[in-house]
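Shown next, in structure tokens, is the structure this report addresses.
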Amino acid sequence: MNTLLLTGFEPFLNFSINPTEEIVKELNGQVIGSYQIIGKVLPVDFNTAGNELLNLFDTYNPSAVVSLGLAGGRSKITPERIAINCNDGAADNKGNKFVGAKIDLEGPDGLFSTLPIQKIVDVLNEHHLPAEISNSAGAYLCNNVMYQMLNELKKLRKQIPSGFIHIPASHELAVIDRKLPSWSQRDLTEAIKLAIEVISHND
């Protein structure tokens with residue numbers, strides 16, 4: 001059976017809960033569409049997250065890669081269109097901080113997702129799960145791992161579905177920070193399952 005590598009992140013910054021971690025743990029080992037899911041949680045660490053993702057890719061040789069991240073403040077599921085060759089933003093969980101640093105000194109400025117992002121958005125909206133394409137994954141760890149995976153696939157000349165999906169906060173997180181728009185953890189997980197089904201049918 002084909003496998004899909006699904007990654008989330010540990011809690012970070014002021015977010016003491018990361019709903020992507022819960023999604024990845026719940027879906028690990030499940031069969032969705034034509035994929036068996038390999039779910040893994042990445043550290044919020046500029047120096048190791050990308051390497052861990054690439055090591056997982058080498059270990060499992062998946063047929064697709066989907067990385068998830070929390071976008072606290074967004075109200076919709078947002079597949080990302082592009083990753084940029086830039087590390088920037090707040091310090092990570094290890095205290096590393098970059099200002100406009102290139103991820104790969106010789107890499108392209110940007111790399112586009114190879115996921116069927118418009119189809120994902122359309123199907124989610126059809127199921128009354130609000131979604132839209134995002135044109136900016138930022139320059140923090142989410143962008144970093146998206147770029148590193150796409151860059152590696154480009155170097156390997158390997159064409160498989162790969163990209164990044166941001167999700168809103170969960171209700172549990174919004175109880176702590178009441179300014180955050182939020183979804184139930186169940187709906188967040190269901191949205192990602194539907195997205196994976198779309199990728200499976202498109203692959």
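Residue names in the structure tokens use chain letters A, B, ... in the order shown, residue numbers from 1 in each chain, and ligand numbers from 1 in the order shown.
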Please tabulate, as JSON lines, the residues of region 129-150 of chain A that come within 7 Å of region 40-54 of chain A, each with its closest pair of atoms and the distance in Å to one decimal, counting only C-alpha atoms and ordering rows by chain, then residue number upward.
```
{"residue": "A:Leu141", "atom": "CA", "partner": "A:Phe46", "partner_atom": "CA", "distance": 6.4}
{"residue": "A:Asn144", "atom": "CA", "partner": "A:Gly50", "partner_atom": "CA", "distance": 6.9}
{"residue": "A:Val145", "atom": "CA", "partner": "A:Gly50", "partner_atom": "CA", "distance": 5.0}
{"residue": "A:Gln148", "atom": "CA", "partner": "A:Gly50", "partner_atom": "CA", "distance": 6.0}
{"residue": "A:Met149", "atom": "CA", "partner": "A:Leu54", "partner_atom": "CA", "distance": 6.6}
```
Practice problem: Would you mind listing what lies within 9 Å of Leu194 (chain A) as a ChimeraX atom specification, with only C-alpha atoms counted and same-chain residues fewer than 5 positions away left out? | Solution: /A:32,120,123-124,189,199
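Of the listed residues (A:Ala169, A:Ile103, A:Leu5, A:Ala137), A:Ala169 comes nearest to Asn18 (chain A); the distances count only C-alpha atoms.
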Exercise. Would you please work out which residue, of A:Ala191, A:Leu4, A:Leu156, A:Leu150, is nearest to Arg81 (chain A) when using only C-alpha atoms?
Key: A:Leu150
Please provide the set of residues having any atom within 12 Å of Pro108 (chain A), restricted to only C-alpha atoms, with same-chain residues fewer than 4 positions apart removed, written as a PDB file with N, CA, C and O atoms, in the first residue's frame.
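Output (result-v9.pdb):
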```pdb
ATOM      1  N   ILE A  82       2.862  28.388  -1.718  1.00  0.00           N
ATOM      2  CA  ILE A  82       4.296  28.511  -2.006  1.00  0.00           C
ATOM      3  C   ILE A  82       5.101  28.579  -0.712  1.00  0.00           C
ATOM      4  O   ILE A  82       4.631  29.096   0.304  1.00  0.00           O
ATOM      5  N   ALA A  83       6.312  28.040  -0.768  1.00  0.00           N
ATOM      6  CA  ALA A  83       7.282  28.188   0.320  1.00  0.00           C
ATOM      7  C   ALA A  83       8.426  29.058  -0.183  1.00  0.00           C
ATOM      8  O   ALA A  83       8.838  28.936  -1.341  1.00  0.00           O
ATOM      9  N   ILE A  84       8.944  29.926   0.667  1.00  0.00           N
ATOM     10  CA  ILE A  84      10.027  30.824   0.260  1.00  0.00           C
ATOM     11  C   ILE A  84      11.333  30.440   0.949  1.00  0.00           C
ATOM     12  O   ILE A  84      11.337  29.865   2.037  1.00  0.00           O
ATOM     13  N   ASN A  85      12.420  30.782   0.306  1.00  0.00           N
ATOM     14  CA  ASN A  85      13.759  30.433   0.789  1.00  0.00           C
ATOM     15  C   ASN A  85      14.212  31.437   1.849  1.00  0.00           C
ATOM     16  O   ASN A  85      15.128  32.233   1.630  1.00  0.00           O
ATOM     17  N   CYS A  86      13.546  31.390   3.001  1.00  0.00           N
ATOM     18  CA  CYS A  86      13.811  32.407   4.034  1.00  0.00           C
ATOM     19  C   CYS A  86      13.419  31.893   5.414  1.00  0.00           C
ATOM     20  O   CYS A  86      12.334  31.348   5.591  1.00  0.00           O
ATOM     21  N   LYS A 102      18.705  32.725   4.409  1.00  0.00           N
ATOM     22  CA  LYS A 102      18.303  31.737   3.413  1.00  0.00           C
ATOM     23  C   LYS A 102      18.302  30.338   4.024  1.00  0.00           C
ATOM     24  O   LYS A 102      19.182  29.994   4.819  1.00  0.00           O
ATOM     25  N   ILE A 103      17.322  29.526   3.624  1.00  0.00           N
ATOM     26  CA  ILE A 103      17.278  28.132   4.047  1.00  0.00           C
ATOM     27  C   ILE A 103      18.336  27.339   3.292  1.00  0.00           C
ATOM     28  O   ILE A 103      19.056  26.521   3.875  1.00  0.00           O
ATOM     29  N   ASP A 104      18.442  27.575   1.996  1.00  0.00           N
ATOM     30  CA  ASP A 104      19.425  26.924   1.136  1.00  0.00           C
ATOM     31  C   ASP A 104      20.086  28.012   0.311  1.00  0.00           C
ATOM     32  O   ASP A 104      19.432  28.655  -0.522  1.00  0.00           O
ATOM     33  N   PHE A 112       6.639  25.895  -5.313  1.00  0.00           N
ATOM     34  CA  PHE A 112       5.194  25.743  -5.211  1.00  0.00           C
ATOM     35  C   PHE A 112       4.805  24.361  -4.689  1.00  0.00           C
ATOM     36  O   PHE A 112       5.439  23.353  -5.011  1.00  0.00           O
ATOM     37  N   TYR A 147       9.502  24.209   2.540  1.00  0.00           N
ATOM     38  CA  TYR A 147      10.549  24.509   1.562  1.00  0.00           C
ATOM     39  C   TYR A 147      11.560  23.366   1.483  1.00  0.00           C
ATOM     40  O   TYR A 147      11.934  22.918   0.390  1.00  0.00           O
ATOM     41  N   GLN A 148      12.005  22.889   2.642  1.00  0.00           N
ATOM     42  CA  GLN A 148      13.050  21.868   2.635  1.00  0.00           C
ATOM     43  C   GLN A 148      12.586  20.580   1.950  1.00  0.00           C
ATOM     44  O   GLN A 148      13.350  19.944   1.216  1.00  0.00           O
ATOM     45  N   LEU A 150      10.129  20.272  -0.391  1.00  0.00           N
ATOM     46  CA  LEU A 150       9.982  20.532  -1.822  1.00  0.00           C
ATOM     47  C   LEU A 150      11.342  20.674  -2.502  1.00  0.00           C
ATOM     48  O   LEU A 150      11.545  20.219  -3.637  1.00  0.00           O
ATOM     49  N   ASN A 151      12.272  21.284  -1.811  1.00  0.00           N
ATOM     50  CA  ASN A 151      13.613  21.468  -2.352  1.00  0.00           C
ATOM     51  C   ASN A 151      14.322  20.127  -2.525  1.00  0.00           C
ATOM     52  O   ASN A 151      14.994  19.877  -3.536  1.00  0.00           O
ATOM     53  N   GLU A 152      14.148  19.250  -1.555  1.00  0.00           N
ATOM     54  CA  GLU A 152      14.750  17.924  -1.636  1.00  0.00           C
ATOM     55  C   GLU A 152      14.161  17.124  -2.806  1.00  0.00           C
ATOM     56  O   GLU A 152      14.882  16.463  -3.553  1.00  0.00           O
ATOM     57  N   LYS A 154      12.875  18.342  -5.476  1.00  0.00           N
ATOM     58  CA  LYS A 154      13.385  18.952  -6.714  1.00  0.00           C
ATOM     59  C   LYS A 154      14.782  18.421  -7.020  1.00  0.00           C
ATOM     60  O   LYS A 154      15.089  18.071  -8.167  1.00  0.00           O
ATOM     61  N   LYS A 155      15.633  18.344  -6.002  1.00  0.00           N
ATOM     62  CA  LYS A 155      16.993  17.838  -6.196  1.00  0.00           C
ATOM     63  C   LYS A 155      16.983  16.375  -6.645  1.00  0.00           C
ATOM     64  O   LYS A 155      17.800  15.956  -7.473  1.00  0.00           O
TER      65      LYS A 155
END
```
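Once Met1 (chain A) and its same-chain neighbours fewer than 2 positions away are set aside, Thr3, Tyr35 and Gln36 of chain A remain within 7 Å of it when counting only C-alpha atoms.
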Shell around Asp187 (chain A) at 12 Å using only C-alpha atoms, local window under 5 positions removed, as a short mmCIF file (atom, residue, chain, number, x, y, z; two decimals) with all heavy atoms, in the first residue's frame:
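Resulting contents of part.cif:
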```cif
data_model
loop_
_atom_site.label_atom_id
_atom_site.label_comp_id
_atom_site.auth_asym_id
_atom_site.auth_seq_id
_atom_site.Cartn_x
_atom_site.Cartn_y
_atom_site.Cartn_z
N PRO A 19 -2.81 21.65 18.01
CA PRO A 19 -3.77 20.66 17.51
C PRO A 19 -3.24 19.79 16.38
O PRO A 19 -3.76 18.71 16.13
CB PRO A 19 -4.96 21.51 17.05
CG PRO A 19 -4.43 22.88 16.85
CD PRO A 19 -3.31 23.04 17.83
N ILE A 23 -3.81 15.65 15.70
CA ILE A 23 -4.25 15.09 14.41
C ILE A 23 -3.30 13.99 13.96
O ILE A 23 -3.71 12.89 13.57
CB ILE A 23 -4.34 16.19 13.34
CG1 ILE A 23 -5.44 17.18 13.67
CG2 ILE A 23 -4.58 15.57 11.96
CD1 ILE A 23 -5.46 18.41 12.78
N LYS A 76 -9.86 29.57 8.91
CA LYS A 76 -10.13 28.57 7.87
C LYS A 76 -8.94 27.63 7.73
O LYS A 76 -7.81 27.97 8.10
CB LYS A 76 -10.38 29.25 6.52
CG LYS A 76 -11.61 30.14 6.50
CD LYS A 76 -11.80 30.78 5.13
CE LYS A 76 -13.05 31.67 5.11
NZ LYS A 76 -13.27 32.27 3.77
N ILE A 77 -9.20 26.44 7.17
CA ILE A 77 -8.13 25.55 6.75
C ILE A 77 -7.47 26.18 5.53
O ILE A 77 -8.16 26.56 4.57
CB ILE A 77 -8.68 24.16 6.38
CG1 ILE A 77 -9.40 23.53 7.57
CG2 ILE A 77 -7.56 23.27 5.85
CD1 ILE A 77 -8.51 23.06 8.69
N LEU A 124 -13.43 20.70 0.84
CA LEU A 124 -13.68 21.10 2.23
C LEU A 124 -14.88 22.05 2.32
O LEU A 124 -15.74 21.90 3.18
CB LEU A 124 -12.44 21.76 2.84
CG LEU A 124 -11.25 20.83 3.11
CD1 LEU A 124 -10.09 21.62 3.70
CD2 LEU A 124 -11.62 19.69 4.05
N HIS A 127 -18.10 20.35 2.05
CA HIS A 127 -18.47 19.66 3.28
C HIS A 127 -18.68 20.63 4.44
O HIS A 127 -18.69 20.23 5.61
CB HIS A 127 -17.38 18.64 3.66
CG HIS A 127 -17.42 17.39 2.81
ND1 HIS A 127 -16.90 17.35 1.54
CD2 HIS A 127 -17.92 16.16 3.07
CE1 HIS A 127 -17.07 16.13 1.04
NE2 HIS A 127 -17.69 15.39 1.95
N HIS A 128 -18.84 21.91 4.11
CA HIS A 128 -19.11 22.96 5.10
C HIS A 128 -17.98 23.10 6.12
O HIS A 128 -18.22 23.40 7.30
CB HIS A 128 -20.45 22.70 5.81
CG HIS A 128 -21.58 22.48 4.85
ND1 HIS A 128 -22.05 23.46 4.00
CD2 HIS A 128 -22.32 21.37 4.59
CE1 HIS A 128 -23.04 22.97 3.25
NE2 HIS A 128 -23.22 21.71 3.59
N LEU A 129 -16.76 22.88 5.64
CA LEU A 129 -15.56 23.10 6.44
C LEU A 129 -14.79 24.23 5.76
O LEU A 129 -14.17 24.02 4.72
CB LEU A 129 -14.72 21.83 6.52
CG LEU A 129 -15.37 20.65 7.25
CD1 LEU A 129 -14.61 19.36 6.99
CD2 LEU A 129 -15.47 20.92 8.74
N PRO A 130 -14.86 25.46 6.29
CA PRO A 130 -14.32 26.63 5.61
C PRO A 130 -12.83 26.49 5.26
O PRO A 130 -12.01 26.14 6.12
CB PRO A 130 -14.55 27.76 6.61
CG PRO A 130 -15.68 27.29 7.46
CD PRO A 130 -15.50 25.81 7.57
N ILE A 167 -3.80 25.04 9.89
CA ILE A 167 -5.12 24.87 10.49
C ILE A 167 -5.35 25.91 11.57
O ILE A 167 -4.40 26.42 12.16
CB ILE A 167 -5.30 23.45 11.08
CG1 ILE A 167 -4.38 23.24 12.29
CG2 ILE A 167 -5.04 22.38 10.01
CD1 ILE A 167 -4.69 21.99 13.07
N PRO A 168 -6.62 26.22 11.87
CA PRO A 168 -6.91 27.15 12.97
C PRO A 168 -6.66 26.50 14.33
O PRO A 168 -6.37 25.30 14.43
CB PRO A 168 -8.42 27.44 12.80
CG PRO A 168 -8.78 26.95 11.44
CD PRO A 168 -7.83 25.84 11.13
N ALA A 169 -6.81 27.29 15.37
CA ALA A 169 -6.70 26.79 16.74
C ALA A 169 -7.86 25.86 17.06
O ALA A 169 -8.93 25.94 16.47
CB ALA A 169 -6.68 27.96 17.72
N SER A 170 -7.63 24.98 18.01
CA SER A 170 -8.70 24.13 18.54
C SER A 170 -9.44 24.88 19.66
O SER A 170 -8.93 25.87 20.20
CB SER A 170 -8.11 22.83 19.11
OG SER A 170 -7.20 23.13 20.16
N HIS A 171 -10.62 24.38 20.00
CA HIS A 171 -11.37 25.01 21.10
C HIS A 171 -10.56 24.98 22.40
O HIS A 171 -10.61 25.93 23.20
CB HIS A 171 -12.70 24.28 21.33
CG HIS A 171 -13.69 24.45 20.20
ND1 HIS A 171 -13.71 25.54 19.38
CD2 HIS A 171 -14.69 23.63 19.78
CE1 HIS A 171 -14.68 25.41 18.48
NE2 HIS A 171 -15.28 24.26 18.70
N SER A 182 -11.61 29.46 16.59
CA SER A 182 -11.26 28.06 16.83
C SER A 182 -12.27 27.11 16.22
O SER A 182 -13.42 27.46 15.95
CB SER A 182 -11.16 27.80 18.33
OG SER A 182 -12.40 28.02 18.98
N ILE A 192 -8.60 17.33 7.68
CA ILE A 192 -7.35 16.78 7.17
C ILE A 192 -7.58 15.41 6.54
O ILE A 192 -6.98 15.08 5.51
CB ILE A 192 -6.29 16.70 8.28
CG1 ILE A 192 -5.98 18.11 8.81
CG2 ILE A 192 -5.02 16.02 7.79
CD1 ILE A 192 -5.58 19.12 7.74
N LYS A 193 -8.47 14.61 7.09
CA LYS A 193 -8.82 13.33 6.47
C LYS A 193 -9.39 13.55 5.07
O LYS A 193 -9.03 12.86 4.12
CB LYS A 193 -9.80 12.57 7.35
CG LYS A 193 -9.20 12.02 8.63
CD LYS A 193 -10.25 11.38 9.52
CE LYS A 193 -10.78 10.09 8.98
NZ LYS A 193 -11.68 9.41 9.93
N LEU A 194 -10.27 14.53 4.94
CA LEU A 194 -10.85 14.84 3.63
C LEU A 194 -9.77 15.32 2.66
O LEU A 194 -9.78 14.95 1.48
CB LEU A 194 -11.94 15.91 3.77
CG LEU A 194 -13.29 15.43 4.27
CD1 LEU A 194 -14.18 16.63 4.60
CD2 LEU A 194 -13.98 14.54 3.24
#
```
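Here the DSSP assignment of strand (DSSP E or B), based on backbone atoms, applies within region 22-103 of chain A to Val31, Ile32, Tyr35, Gln36, Ile37, Ile38, Gly39, Lys40, Val41, Leu42, Ala64, Val65, Val66, Ser67, Leu68, Gly69, Leu70, Gly72, Arg74, Ile77, Thr78, Pro79, Glu80, Ile82, Ala83, Ile84, Asn87 and Ala101 of chain A.
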Atoms kept (N, CA and C atoms) for selection, written as a tab-separated table (two decimals), in the first residue's frame:
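Output contents, as saved in again.tsv:
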```tsv
chain	number	residue	atom	x	y	z
A	31	VAL	N	-5.76	4.00	7.49
A	31	VAL	CA	-5.79	3.97	6.03
A	31	VAL	C	-6.84	4.98	5.57
A	32	ILE	N	-6.41	5.94	4.77
A	32	ILE	CA	-7.29	6.98	4.24
A	32	ILE	C	-7.10	7.02	2.74
A	35	TYR	N	-3.91	5.57	0.92
A	35	TYR	CA	-2.70	5.75	1.72
A	35	TYR	C	-2.80	5.14	3.11
A	36	GLN	N	-1.72	4.53	3.54
A	36	GLN	CA	-1.54	4.26	4.97
A	36	GLN	C	-0.76	5.44	5.54
A	37	ILE	N	-1.26	5.98	6.65
A	37	ILE	CA	-0.68	7.21	7.20
A	37	ILE	C	0.47	6.90	8.16
A	38	ILE	N	1.57	7.59	7.94
A	38	ILE	CA	2.69	7.57	8.87
A	38	ILE	C	2.72	8.94	9.54
A	39	GLY	N	2.30	9.02	10.78
A	39	GLY	CA	2.19	10.30	11.48
A	39	GLY	C	3.36	10.56	12.41
A	40	LYS	N	3.98	11.71	12.28
A	40	LYS	CA	5.14	12.06	13.09
A	40	LYS	C	5.06	13.52	13.54
A	41	VAL	N	5.57	13.80	14.72
A	41	VAL	CA	5.58	15.16	15.27
A	41	VAL	C	7.00	15.71	15.18
A	42	LEU	N	7.12	16.91	14.60
A	42	LEU	CA	8.42	17.55	14.43
A	42	LEU	C	8.68	18.56	15.54
A	64	ALA	N	3.53	10.35	-0.73
A	64	ALA	CA	3.06	11.74	-0.59
A	64	ALA	C	3.51	12.25	0.77
A	65	VAL	N	3.67	13.57	0.87
A	65	VAL	CA	4.07	14.19	2.14
A	65	VAL	C	3.16	15.39	2.40
A	66	VAL	N	2.54	15.40	3.56
A	66	VAL	CA	1.72	16.54	3.97
A	66	VAL	C	2.17	16.98	5.36
A	67	SER	N	2.59	18.21	5.48
A	67	SER	CA	2.96	18.76	6.78
A	67	SER	C	1.87	19.72	7.23
A	68	LEU	N	1.59	19.68	8.53
A	68	LEU	CA	0.54	20.52	9.13
A	68	LEU	C	1.16	21.51	10.09
A	69	GLY	N	0.53	22.68	10.20
A	69	GLY	CA	0.97	23.67	11.17
A	69	GLY	C	-0.20	24.46	11.70
A	70	LEU	N	-0.04	24.96	12.90
A	70	LEU	CA	-1.05	25.82	13.53
A	70	LEU	C	-0.87	27.25	13.08
A	72	GLY	N	-2.51	30.20	14.46
A	72	GLY	CA	-3.38	30.81	15.45
A	72	GLY	C	-3.85	32.17	14.97
A	74	ARG	N	-6.07	32.40	12.27
A	74	ARG	CA	-6.83	32.09	11.05
A	74	ARG	C	-8.10	31.34	11.43
A	77	ILE	N	-9.20	26.44	7.17
A	77	ILE	CA	-8.13	25.55	6.75
A	77	ILE	C	-7.47	26.18	5.53
A	78	THR	N	-6.15	26.30	5.54
A	78	THR	CA	-5.48	27.03	4.47
A	78	THR	C	-4.29	26.25	3.90
A	79	PRO	N	-4.50	25.51	2.82
A	79	PRO	CA	-3.37	24.92	2.11
A	79	PRO	C	-2.48	26.05	1.56
A	80	GLU	N	-1.18	25.87	1.71
A	80	GLU	CA	-0.24	26.90	1.28
A	80	GLU	C	0.15	26.71	-0.17
A	82	ILE	N	2.86	28.39	-1.72
A	82	ILE	CA	4.30	28.51	-2.01
A	82	ILE	C	5.10	28.58	-0.71
A	83	ALA	N	6.31	28.04	-0.77
A	83	ALA	CA	7.28	28.19	0.32
A	83	ALA	C	8.43	29.06	-0.18
A	84	ILE	N	8.94	29.93	0.67
A	84	ILE	CA	10.03	30.82	0.26
A	84	ILE	C	11.33	30.44	0.95
A	87	ASN	N	14.32	32.07	6.38
A	87	ASN	CA	14.02	31.85	7.79
A	87	ASN	C	13.94	33.20	8.48
A	101	ALA	N	17.35	34.97	6.83
A	101	ALA	CA	18.41	34.04	6.43
A	101	ALA	C	17.89	33.04	5.39
```
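Across the model, the gap from CA of Asn55 (chain A) to CA of Ser16 (chain A) is 26.7 Å.
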Exercise. Could you tell me which of A:Phe9, A:Trp183, A:Phe164, A:Phe15 comes closest to Pro116 (chain A) if we count only C-alpha atoms?
Key: A:Phe164
